[in-house]
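Worksheet for the structure shown next.
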Amino acid sequence: MAAVTEEAILSALGTIRDGERGDVVALGMISGLVVKDGHVAFSIEVDPRRGAALEPLRRAAEKAVEALPGVLSVTAVLTAHRAAAAPAPVPPAGARPAGPAGGRGPVPGVRAIVAVASGKGGVGKSTVAVNLAMGLAANGLSVGILDADIYGPSMPRMTGISGRPTSRDGRILEPMTNFGVKVMSMGFMVAEDTPMIWRGPMVMSALQQMLRDVSWGPLDILVVDMPPGTGDAQLTMAQQVPLSGAVIVSTPQDIALLDARKGLNMFRKVDVPVLGIVENMSYFCCPNCGHRAEIFGHGGARREAERLGTEFLAEIPLDIAIRETSDGGHPIVVAEPDGPHAKVFRALAARVWQKVSGEDARRAPPRIVVR
């Protein structure tokens, strides 16, 4: 079977018309086209006010591409194209933001939003995020998880959820649910092995839709699994919603702590409270003899927290059970609720909730101030 080409896909999409305006290709509505081993994904950029009405157009576009020889699967996503807001005036030096940037307010029905972040990848941030969320739920709270890692979404696998979200009105998506926790991820929209080749504005638009166009509430807390680094996703979250705080995840070695420090300072610069640091892969205990080995060093995150004037929240061991249960879609807090690892995550969850649930936790979304 011949491999499908981008030219053939665009030719098929050229038969799909947006009413009297013309075809979707000529109108420049197609972006982010990815073709890999017969799997096709693309986005259709639309005016957000027309999103619900254009769902039939999205389905027609998928069907047109599915009919091509060599196509195994097609994923088309409506991406709202939003006009850029006028820049907010820069306050005088030393001034604090007085109110919501651009008039943006809290996510309806969500009491608190906590970002789980790291300065670099590979430190187990998503594993901490999913078990933190499960710990919060185990402690009796109503919880959601937003997978903000557009390029590498992992929450569908870690929460054991497959399928695509539904919508009652063609505009607002219903989050997926497992273990009593609501979940939304770009991983529900595209095949697991499909790369997301999107530029910054598309990432920001997707994040805004997953925040605003999802029926999250009522929730006590929304845990946001951030991508690694200090880029568009972090700035979008800081500017678009009133984050109650950020949890920084690091491993003990110096290079990870250096990047964790950057992540922590980034949140401070955009006026988001840093709730504290979690040291993941803190130590390893041999399951046979009980010998403890500090493979990546130990205590570095605690010392860094003291140096930076923030709280050291927890140390999480390096344990195969934590890895296996996360990869298997049954996080350790759910798989072994009475085990020692679940107790650590539940204690972490209790401390995080204690820090964000006070009356002073509700804050206006911050604005970046250039000094």
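Ordering of the structure tokens sets the chain letters (A, B, ...), residue numbers begin anew at 1 in every chain, and ligands are numbered from 1 in the order given.
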Applying 6 Å and only C-alpha atoms, which residues near range 155-163 of chain A remain after dropping the ones on its own chain fewer than 2 positions away? List them as an mmCIF file with N, CA and C atoms, in the first residue's frame.
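So part.cif came out as:
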```cif
data_model
loop_
_atom_site.group_PDB
_atom_site.id
_atom_site.type_symbol
_atom_site.label_atom_id
_atom_site.label_comp_id
_atom_site.auth_asym_id
_atom_site.auth_seq_id
_atom_site.Cartn_x
_atom_site.Cartn_y
_atom_site.Cartn_z
ATOM 1 N N SER A 326 2.076 3.483 37.578
ATOM 2 C CA SER A 326 1.817 4.660 36.741
ATOM 3 C C SER A 326 1.760 4.269 35.274
ATOM 4 N N ASP A 327 2.714 3.486 34.820
ATOM 5 C CA ASP A 327 2.705 3.044 33.422
ATOM 6 C C ASP A 327 1.484 2.193 33.106
ATOM 7 N N GLY A 329 -1.516 2.566 34.295
ATOM 8 C CA GLY A 329 -2.781 3.273 34.398
ATOM 9 C C GLY A 329 -3.513 3.054 35.703
#
```
What residues in range 87-276 of chain A get the DSSP label strand (DSSP E or B)? Please answer as a PDB file with C-alpha atoms, in the first residue's frame.
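Generated output (part18.pdb):
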```
ATOM      1  CA  VAL A 110     -12.995  25.280  40.314  1.00  0.00           C
ATOM      2  CA  ARG A 111     -11.992  26.404  43.778  1.00  0.00           C
ATOM      3  CA  ALA A 112      -8.189  26.082  43.507  1.00  0.00           C
ATOM      4  CA  ILE A 113      -5.683  25.384  40.727  1.00  0.00           C
ATOM      5  CA  VAL A 114      -2.234  23.987  41.460  1.00  0.00           C
ATOM      6  CA  ALA A 115       0.525  23.582  38.878  1.00  0.00           C
ATOM      7  CA  VAL A 116       3.004  20.704  39.184  1.00  0.00           C
ATOM      8  CA  ALA A 117       6.151  21.771  37.370  1.00  0.00           C
ATOM      9  CA  VAL A 143     -10.335  16.643  41.882  1.00  0.00           C
ATOM     10  CA  GLY A 144      -9.460  17.204  38.232  1.00  0.00           C
ATOM     11  CA  ILE A 145      -6.231  16.816  36.253  1.00  0.00           C
ATOM     12  CA  LEU A 146      -5.353  19.038  33.313  1.00  0.00           C
ATOM     13  CA  ASP A 147      -2.538  17.615  31.196  1.00  0.00           C
ATOM     14  CA  SER A 167     -19.893  17.265  24.254  1.00  0.00           C
ATOM     15  CA  LEU A 173     -16.316  19.173  26.378  1.00  0.00           C
ATOM     16  CA  MET A 176     -12.942  11.949  30.960  1.00  0.00           C
ATOM     17  CA  THR A 177     -13.150  10.287  34.382  1.00  0.00           C
ATOM     18  CA  ASN A 178     -11.454   7.431  36.207  1.00  0.00           C
ATOM     19  CA  VAL A 181     -10.981  12.117  39.081  1.00  0.00           C
ATOM     20  CA  LYS A 182     -11.817  14.252  36.029  1.00  0.00           C
ATOM     21  CA  VAL A 183      -9.109  14.357  33.348  1.00  0.00           C
ATOM     22  CA  MET A 184      -8.522  16.369  30.172  1.00  0.00           C
ATOM     23  CA  SER A 185      -5.546  15.907  27.872  1.00  0.00           C
ATOM     24  CA  VAL A 214     -14.350  21.960  29.514  1.00  0.00           C
ATOM     25  CA  LEU A 219     -14.057  20.865  41.761  1.00  0.00           C
ATOM     26  CA  ASP A 220     -12.226  21.548  44.983  1.00  0.00           C
ATOM     27  CA  ILE A 221      -8.906  21.494  43.169  1.00  0.00           C
ATOM     28  CA  LEU A 222      -7.538  21.172  39.626  1.00  0.00           C
ATOM     29  CA  VAL A 223      -4.018  19.733  39.361  1.00  0.00           C
ATOM     30  CA  VAL A 224      -2.171  20.918  36.246  1.00  0.00           C
ATOM     31  CA  ASP A 225       0.614  18.668  34.959  1.00  0.00           C
ATOM     32  CA  GLY A 245       0.354  27.864  43.689  1.00  0.00           C
ATOM     33  CA  ALA A 246       3.010  25.702  42.099  1.00  0.00           C
ATOM     34  CA  VAL A 247       4.695  22.521  43.309  1.00  0.00           C
ATOM     35  CA  ILE A 248       8.241  22.083  41.969  1.00  0.00           C
ATOM     36  CA  VAL A 249       9.477  18.531  41.390  1.00  0.00           C
ATOM     37  CA  SER A 250      13.184  17.705  41.281  1.00  0.00           C
ATOM     38  CA  VAL A 274       5.557  28.428  45.139  1.00  0.00           C
ATOM     39  CA  LEU A 275       4.055  25.942  47.575  1.00  0.00           C
ATOM     40  CA  GLY A 276       7.280  24.001  47.925  1.00  0.00           C
TER      41      GLY A 276
END
```
- Task: Write out as a list in words which residues come within 7 Å of Asp149 in chain A when counting only C-alpha atoms, dropping same-chain ones fewer than 2 positions away.
- Result: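 Contacts, in chain order: Asp147, Tyr151, Gly152, Pro153, Asp225, Met226 and Pro227 of chain A.
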For Ile320 in chain A: contacts at 10 Å, only C-alpha atoms, fewer than 4 positions along chain excluded, given as an mmCIF file with N, CA and C atoms, in the first residue's frame:
```cif
data_model
loop_
_atom_site.group_PDB
_atom_site.id
_atom_site.type_symbol
_atom_site.label_atom_id
_atom_site.label_comp_id
_atom_site.auth_asym_id
_atom_site.auth_seq_id
_atom_site.Cartn_x
_atom_site.Cartn_y
_atom_site.Cartn_z
ATOM 1 N N PHE A 284 16.640 4.657 47.148
ATOM 2 C CA PHE A 284 16.170 3.341 46.704
ATOM 3 C C PHE A 284 16.399 2.335 47.823
ATOM 4 N N PRO A 287 14.307 -4.315 47.631
ATOM 5 C CA PRO A 287 13.143 -5.084 48.105
ATOM 6 C C PRO A 287 13.532 -6.411 48.736
ATOM 7 N N GLU A 324 5.680 1.058 37.780
ATOM 8 C CA GLU A 324 4.810 0.079 37.120
ATOM 9 C C GLU A 324 3.335 0.465 37.219
ATOM 10 N N THR A 325 2.924 0.952 38.369
ATOM 11 C CA THR A 325 1.507 1.304 38.518
ATOM 12 C C THR A 325 1.147 2.537 37.694
ATOM 13 N N SER A 326 2.076 3.483 37.578
ATOM 14 C CA SER A 326 1.817 4.660 36.741
ATOM 15 C C SER A 326 1.760 4.269 35.274
#
```
- Query: So which one's closest to His39 in chain A, A:Leu27, A:Ala3, A:Leu10, A:Val74? Using only C-alpha atoms, please.
  - Reply: A:Val74
- Surrounding residues of range 294-307 of chain A excluding itself and chain neighbours under 3 positions, 9 Å, only C-alpha atoms, as a ChimeraX atom specification: /A:249-254,257,260-261,276-285,310-315,318
Could you write those residues out with C-alpha atoms, as a compact mmCIF listing (two decimals), in the first residue's frame?
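After the write, result_1.txt holds the following:
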```txt
# COMPACT_ATOMS: atom_id res chain seq x y z
CA VAL A 249 9.48 18.53 41.39
CA SER A 250 13.18 17.71 41.28
CA THR A 251 15.58 14.84 41.79
CA PRO A 252 18.47 15.21 44.26
CA GLN A 253 21.36 15.71 41.83
CA ASP A 254 22.82 19.16 41.25
CA LEU A 257 18.23 21.23 41.16
CA ALA A 260 14.31 23.33 39.39
CA ARG A 261 15.64 26.65 40.68
CA GLY A 276 7.28 24.00 47.93
CA ILE A 277 9.66 21.42 46.46
CA VAL A 278 9.23 17.66 46.17
CA GLU A 279 12.33 15.47 45.92
CA ASN A 280 11.46 12.55 43.65
CA MET A 281 13.65 9.42 43.29
CA SER A 282 15.08 10.45 46.64
CA TYR A 283 16.46 7.03 47.58
CA PHE A 284 16.17 3.34 46.70
CA CYS A 285 15.44 0.53 49.15
CA THR A 310 10.32 27.68 50.43
CA GLU A 311 8.89 24.55 52.03
CA PHE A 312 10.27 21.07 51.47
CA LEU A 313 7.07 19.12 50.88
CA ALA A 314 8.05 15.45 50.51
CA GLU A 315 10.66 12.95 49.47
CA LEU A 318 12.71 5.40 43.63
```
